[in-house]
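Read through the structure below, which is laid out as structure tokens, and then see the notes.
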Amino acid sequence: MKQVWQVLQTGSNARAVGSNNVNEHSSRSHCMLCISVKAKNIMNGECTKSKLWLVDLAGSERLAKTDVQGDRLKEAQNINRSLSALGDVISALANRSSHIPYRNSKLTHLLQDSLGGDSKALMFVQISPSEHDLGETVSSLNFASRVR
């Protein structure tokens, strides 16, 4: 347990966070934790391996609303591109496409073995009740609908 908390703290310390016109503590990167589990049946010696990814996706942002520039603009564009790539991969999998574009982003490349085949995915989408955030809320819900 102590080792897990140390890993989480290391990741949290390395995570990029910055402020913009919309969010004072906007995450500027995705946070990914992979838990690998190996089990052995002591009766028959059969081994199984499982992998659980816990992924906190940085939120997409409407660039005009956040009014970011320079490095923050590049970060926001990269975040939006990786989220779009994730949507493309899940859409291609759902449509049983002959080509799945896993290599279009680091995010989808890392998650490649956990997105297709017999794997399962569950997504929670955080939205704002504020009318001021309606655009971001609709965008988040559209993304969730696309990847369901």
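Just so we're on the same page: first chain in the structure tokens is A, next is B, and so on; residues restart at 1 for each chain, and ligands are numbered from 1 in the order they show up.
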Checklist entry - So which residues of region 1-145 of chain A fall under alpha helix (DSSP H) by DSSP, listed as JSON, numbers by chain? => result {"A": [2, 3, 4, 5, 6, 7, 8, 9, 10, 11, 12, 13, 14, 63, 64, 65, 66, 71, 72, 73, 74, 75, 76, 77, 78, 79, 80, 81, 82, 83, 84, 85, 86, 87, 88, 89, 90, 91, 92, 93, 94, 106, 107, 108, 109, 110, 112, 113, 114, 115, 134, 135, 136, 137, 138, 139, 140, 141, 142, 143, 144, 145]}
Item to check | Long-range neighbours of Val89 (chain A) as JSON, numbers by chain, 7 Å cut-off, only C-alpha atoms, 6 positions minimum in chain | outcome: {"A": [100, 101, 102]}
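Separating CA of Ser29 (chain A) from CA of Gly59 (chain A) is a distance of 8.8 Å.
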Item to check | Neighbour list for Leu83 (chain A) as a list in words, cut-off 10 Å, only C-alpha atoms, skip fewer than 4 positions in-chain | outcome: His30, Leu57, Ala58, Gly59, Ser60, Gln77, Asn78, Ile79, Gly87, Asp88, Val89, Ser105, Leu107, Thr108 and Phe143 of chain A
Go ahead and write the residues just picked, all heavy atoms, as an mmCIF file, in the first residue's frame.
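The new file part12.cif reads:
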```
data_model
loop_
_atom_site.group_PDB
_atom_site.id
_atom_site.type_symbol
_atom_site.label_atom_id
_atom_site.label_comp_id
_atom_site.auth_asym_id
_atom_site.auth_seq_id
_atom_site.Cartn_x
_atom_site.Cartn_y
_atom_site.Cartn_z
ATOM 1 N N HIS A 30 -2.340 14.255 -19.134
ATOM 2 C CA HIS A 30 -3.128 13.111 -18.683
ATOM 3 C C HIS A 30 -2.363 12.432 -17.550
ATOM 4 O O HIS A 30 -1.139 12.463 -17.514
ATOM 5 C CB HIS A 30 -3.328 12.098 -19.819
ATOM 6 C CG HIS A 30 -3.928 12.685 -21.049
ATOM 7 N ND1 HIS A 30 -5.116 13.387 -21.061
ATOM 8 C CD2 HIS A 30 -3.511 12.670 -22.342
ATOM 9 C CE1 HIS A 30 -5.398 13.771 -22.286
ATOM 10 N NE2 HIS A 30 -4.434 13.350 -23.078
ATOM 11 N N LEU A 57 -7.991 11.835 -17.744
ATOM 12 C CA LEU A 57 -7.716 12.582 -18.965
ATOM 13 C C LEU A 57 -7.775 14.078 -18.680
ATOM 14 O O LEU A 57 -8.694 14.550 -18.019
ATOM 15 C CB LEU A 57 -8.738 12.233 -20.050
ATOM 16 C CG LEU A 57 -8.754 10.789 -20.520
ATOM 17 C CD1 LEU A 57 -9.937 10.549 -21.444
ATOM 18 C CD2 LEU A 57 -7.448 10.448 -21.225
ATOM 19 N N ALA A 58 -6.789 14.786 -19.189
ATOM 20 C CA ALA A 58 -6.853 16.240 -19.109
ATOM 21 C C ALA A 58 -8.044 16.674 -19.954
ATOM 22 O O ALA A 58 -8.323 16.101 -21.008
ATOM 23 C CB ALA A 58 -5.557 16.849 -19.660
ATOM 24 N N GLY A 59 -8.759 17.661 -19.496
ATOM 25 C CA GLY A 59 -9.965 18.079 -20.208
ATOM 26 C C GLY A 59 -9.667 18.855 -21.469
ATOM 27 O O GLY A 59 -8.678 19.581 -21.555
ATOM 28 N N SER A 60 -10.529 18.672 -22.450
ATOM 29 C CA SER A 60 -10.400 19.475 -23.664
ATOM 30 C C SER A 60 -10.810 20.901 -23.326
ATOM 31 O O SER A 60 -11.573 21.143 -22.389
ATOM 32 C CB SER A 60 -11.281 18.919 -24.782
ATOM 33 O OG SER A 60 -12.633 19.023 -24.430
ATOM 34 N N GLN A 77 -3.581 22.366 -27.378
ATOM 35 C CA GLN A 77 -3.743 21.740 -28.693
ATOM 36 C C GLN A 77 -3.370 20.262 -28.638
ATOM 37 O O GLN A 77 -4.052 19.419 -29.229
ATOM 38 C CB GLN A 77 -2.900 22.479 -29.739
ATOM 39 C CG GLN A 77 -3.432 23.848 -30.074
ATOM 40 C CD GLN A 77 -2.472 24.678 -30.916
ATOM 41 O OE1 GLN A 77 -1.252 24.532 -30.835
ATOM 42 N NE2 GLN A 77 -3.029 25.566 -31.718
ATOM 43 N N ASN A 78 -2.290 19.938 -27.927
ATOM 44 C CA ASN A 78 -1.872 18.534 -27.793
ATOM 45 C C ASN A 78 -2.901 17.719 -27.019
ATOM 46 O O ASN A 78 -3.182 16.569 -27.374
ATOM 47 C CB ASN A 78 -0.498 18.434 -27.132
ATOM 48 C CG ASN A 78 0.614 18.865 -28.057
ATOM 49 O OD1 ASN A 78 0.486 18.780 -29.275
ATOM 50 N ND2 ASN A 78 1.701 19.336 -27.497
ATOM 51 N N ILE A 79 -3.449 18.304 -25.949
ATOM 52 C CA ILE A 79 -4.493 17.618 -25.183
ATOM 53 C C ILE A 79 -5.690 17.338 -26.091
ATOM 54 O O ILE A 79 -6.201 16.214 -26.141
ATOM 55 C CB ILE A 79 -4.914 18.454 -23.953
ATOM 56 C CG1 ILE A 79 -3.795 18.468 -22.905
ATOM 57 C CG2 ILE A 79 -6.219 17.924 -23.360
ATOM 58 C CD1 ILE A 79 -3.971 19.522 -21.830
ATOM 59 N N GLY A 87 -10.857 9.169 -29.270
ATOM 60 C CA GLY A 87 -12.185 9.019 -29.867
ATOM 61 C C GLY A 87 -12.123 8.286 -31.187
ATOM 62 O O GLY A 87 -12.980 7.431 -31.483
ATOM 63 N N ASP A 88 -11.116 8.596 -32.005
ATOM 64 C CA ASP A 88 -10.952 7.917 -33.306
ATOM 65 C C ASP A 88 -10.700 6.426 -33.128
ATOM 66 O O ASP A 88 -11.245 5.599 -33.865
ATOM 67 C CB ASP A 88 -9.791 8.540 -34.099
ATOM 68 C CG ASP A 88 -10.076 9.956 -34.562
ATOM 69 O OD1 ASP A 88 -11.252 10.373 -34.537
ATOM 70 O OD2 ASP A 88 -9.105 10.654 -34.924
ATOM 71 N N VAL A 89 -9.856 6.073 -32.158
ATOM 72 C CA VAL A 89 -9.542 4.660 -31.912
ATOM 73 C C VAL A 89 -10.792 3.913 -31.450
ATOM 74 O O VAL A 89 -11.112 2.840 -31.968
ATOM 75 C CB VAL A 89 -8.400 4.512 -30.878
ATOM 76 C CG1 VAL A 89 -8.322 3.091 -30.330
ATOM 77 C CG2 VAL A 89 -7.070 4.904 -31.503
ATOM 78 N N SER A 105 -1.402 8.877 -31.316
ATOM 79 C CA SER A 105 -1.044 9.639 -30.115
ATOM 80 C C SER A 105 -0.346 8.711 -29.123
ATOM 81 O O SER A 105 -0.526 7.495 -29.162
ATOM 82 C CB SER A 105 -2.276 10.279 -29.470
ATOM 83 O OG SER A 105 -2.959 9.359 -28.651
ATOM 84 N N LEU A 107 -1.046 8.569 -26.028
ATOM 85 C CA LEU A 107 -2.105 8.044 -25.167
ATOM 86 C C LEU A 107 -2.669 6.741 -25.724
ATOM 87 O O LEU A 107 -2.721 5.722 -25.030
ATOM 88 C CB LEU A 107 -3.223 9.087 -25.033
ATOM 89 C CG LEU A 107 -4.477 8.655 -24.283
ATOM 90 C CD1 LEU A 107 -4.178 8.435 -22.812
ATOM 91 C CD2 LEU A 107 -5.574 9.686 -24.470
ATOM 92 N N THR A 108 -3.085 6.743 -26.973
ATOM 93 C CA THR A 108 -3.692 5.546 -27.559
ATOM 94 C C THR A 108 -2.651 4.451 -27.784
ATOM 95 O O THR A 108 -2.969 3.275 -27.689
ATOM 96 C CB THR A 108 -4.424 5.867 -28.875
ATOM 97 O OG1 THR A 108 -3.528 6.536 -29.774
ATOM 98 C CG2 THR A 108 -5.632 6.750 -28.614
ATOM 99 N N PHE A 143 -18.256 13.999 -26.440
ATOM 100 C CA PHE A 143 -17.104 13.090 -26.457
ATOM 101 C C PHE A 143 -17.488 11.756 -25.824
ATOM 102 O O PHE A 143 -17.211 10.692 -26.362
ATOM 103 C CB PHE A 143 -15.903 13.709 -25.726
ATOM 104 C CG PHE A 143 -14.727 12.787 -25.646
ATOM 105 C CD1 PHE A 143 -13.909 12.595 -26.748
ATOM 106 C CD2 PHE A 143 -14.418 12.109 -24.472
ATOM 107 C CE1 PHE A 143 -12.825 11.744 -26.690
ATOM 108 C CE2 PHE A 143 -13.338 11.257 -24.399
ATOM 109 C CZ PHE A 143 -12.537 11.077 -25.525
#
```
Item to check | Distance in Å - CA of Gln112 (chain A) versus CA of Lys2 (chain A) | outcome: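 Interatomic distance here is 29.0 Å.
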I need the residues in region 20-137 of chain A that are strand (DSSP E) according to DSSP; give them as an mmCIF file with N, CA and C atoms, in the first residue's frame.
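Generated output (part_15.cif):
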```cif
data_model
loop_
_atom_site.group_PDB
_atom_site.id
_atom_site.type_symbol
_atom_site.label_atom_id
_atom_site.label_comp_id
_atom_site.auth_asym_id
_atom_site.auth_seq_id
_atom_site.Cartn_x
_atom_site.Cartn_y
_atom_site.Cartn_z
ATOM 1 N N SER A 26 -5.911 24.015 -13.955
ATOM 2 C CA SER A 26 -6.183 23.164 -15.106
ATOM 3 C C SER A 26 -5.063 22.147 -15.302
ATOM 4 N N SER A 27 -5.443 20.859 -15.397
ATOM 5 C CA SER A 27 -4.422 19.835 -15.654
ATOM 6 C C SER A 27 -3.945 19.973 -17.083
ATOM 7 N N CYS A 31 -3.075 11.827 -16.636
ATOM 8 C CA CYS A 31 -2.452 11.077 -15.553
ATOM 9 C C CYS A 31 -2.843 9.614 -15.732
ATOM 10 N N MET A 32 -1.852 8.741 -15.825
ATOM 11 C CA MET A 32 -2.110 7.330 -16.103
ATOM 12 C C MET A 32 -1.406 6.455 -15.071
ATOM 13 N N LEU A 33 -2.164 5.523 -14.503
ATOM 14 C CA LEU A 33 -1.611 4.560 -13.561
ATOM 15 C C LEU A 33 -2.009 3.172 -14.048
ATOM 16 N N CYS A 34 -1.025 2.313 -14.230
ATOM 17 C CA CYS A 34 -1.282 0.946 -14.674
ATOM 18 C C CYS A 34 -1.001 -0.010 -13.518
ATOM 19 N N ILE A 35 -2.002 -0.814 -13.215
ATOM 20 C CA ILE A 35 -1.850 -1.832 -12.181
ATOM 21 C C ILE A 35 -1.873 -3.190 -12.871
ATOM 22 N N SER A 36 -0.777 -3.909 -12.779
ATOM 23 C CA SER A 36 -0.692 -5.247 -13.368
ATOM 24 C C SER A 36 -0.838 -6.283 -12.266
ATOM 25 N N VAL A 37 -1.672 -7.269 -12.521
ATOM 26 C CA VAL A 37 -1.933 -8.314 -11.533
ATOM 27 C C VAL A 37 -1.641 -9.669 -12.171
ATOM 28 N N LYS A 38 -0.844 -10.460 -11.478
ATOM 29 C CA LYS A 38 -0.580 -11.838 -11.899
ATOM 30 C C LYS A 38 -1.148 -12.756 -10.827
ATOM 31 N N ALA A 39 -1.856 -13.771 -11.262
ATOM 32 C CA ALA A 39 -2.432 -14.718 -10.308
ATOM 33 C C ALA A 39 -2.093 -16.131 -10.740
ATOM 34 N N LYS A 40 -1.909 -16.985 -9.761
ATOM 35 C CA LYS A 40 -1.616 -18.387 -10.047
ATOM 36 C C LYS A 40 -2.595 -19.255 -9.269
ATOM 37 N N CYS A 47 -1.707 -19.810 -14.691
ATOM 38 C CA CYS A 47 -1.416 -18.404 -14.396
ATOM 39 C C CYS A 47 -2.268 -17.495 -15.279
ATOM 40 N N THR A 48 -2.704 -16.398 -14.714
ATOM 41 C CA THR A 48 -3.430 -15.381 -15.479
ATOM 42 C C THR A 48 -2.811 -14.023 -15.185
ATOM 43 N N LYS A 49 -2.907 -13.158 -16.168
ATOM 44 C CA LYS A 49 -2.407 -11.793 -16.022
ATOM 45 C C LYS A 49 -3.534 -10.835 -16.385
ATOM 46 N N SER A 50 -3.622 -9.779 -15.634
ATOM 47 C CA SER A 50 -4.617 -8.741 -15.895
ATOM 48 C C SER A 50 -3.955 -7.383 -15.759
ATOM 49 N N LYS A 51 -4.564 -6.409 -16.406
ATOM 50 C CA LYS A 51 -4.037 -5.056 -16.355
ATOM 51 C C LYS A 51 -5.213 -4.109 -16.136
ATOM 52 N N LEU A 52 -5.046 -3.198 -15.196
ATOM 53 C CA LEU A 52 -6.058 -2.188 -14.930
ATOM 54 C C LEU A 52 -5.422 -0.817 -15.107
ATOM 55 N N TRP A 53 -5.960 -0.058 -16.026
ATOM 56 C CA TRP A 53 -5.492 1.304 -16.233
ATOM 57 C C TRP A 53 -6.448 2.256 -15.532
ATOM 58 N N LEU A 54 -5.913 3.157 -14.739
ATOM 59 C CA LEU A 54 -6.676 4.270 -14.182
ATOM 60 C C LEU A 54 -6.145 5.518 -14.883
ATOM 61 N N VAL A 55 -6.999 6.151 -15.658
ATOM 62 C CA VAL A 55 -6.557 7.266 -16.490
ATOM 63 C C VAL A 55 -7.408 8.494 -16.185
ATOM 64 N N ASP A 56 -6.754 9.567 -15.800
ATOM 65 C CA ASP A 56 -7.425 10.849 -15.621
ATOM 66 C C ASP A 56 -7.045 11.690 -16.831
#
```
Item to check | Minimum-distance residue to Ser97 (chain A), chosen among A:His109, A:Thr10, A:Leu141, A:Gly116 (using only C-alpha atoms) | outcome: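 Nearest to Ser97 (chain A): A:Gly116.
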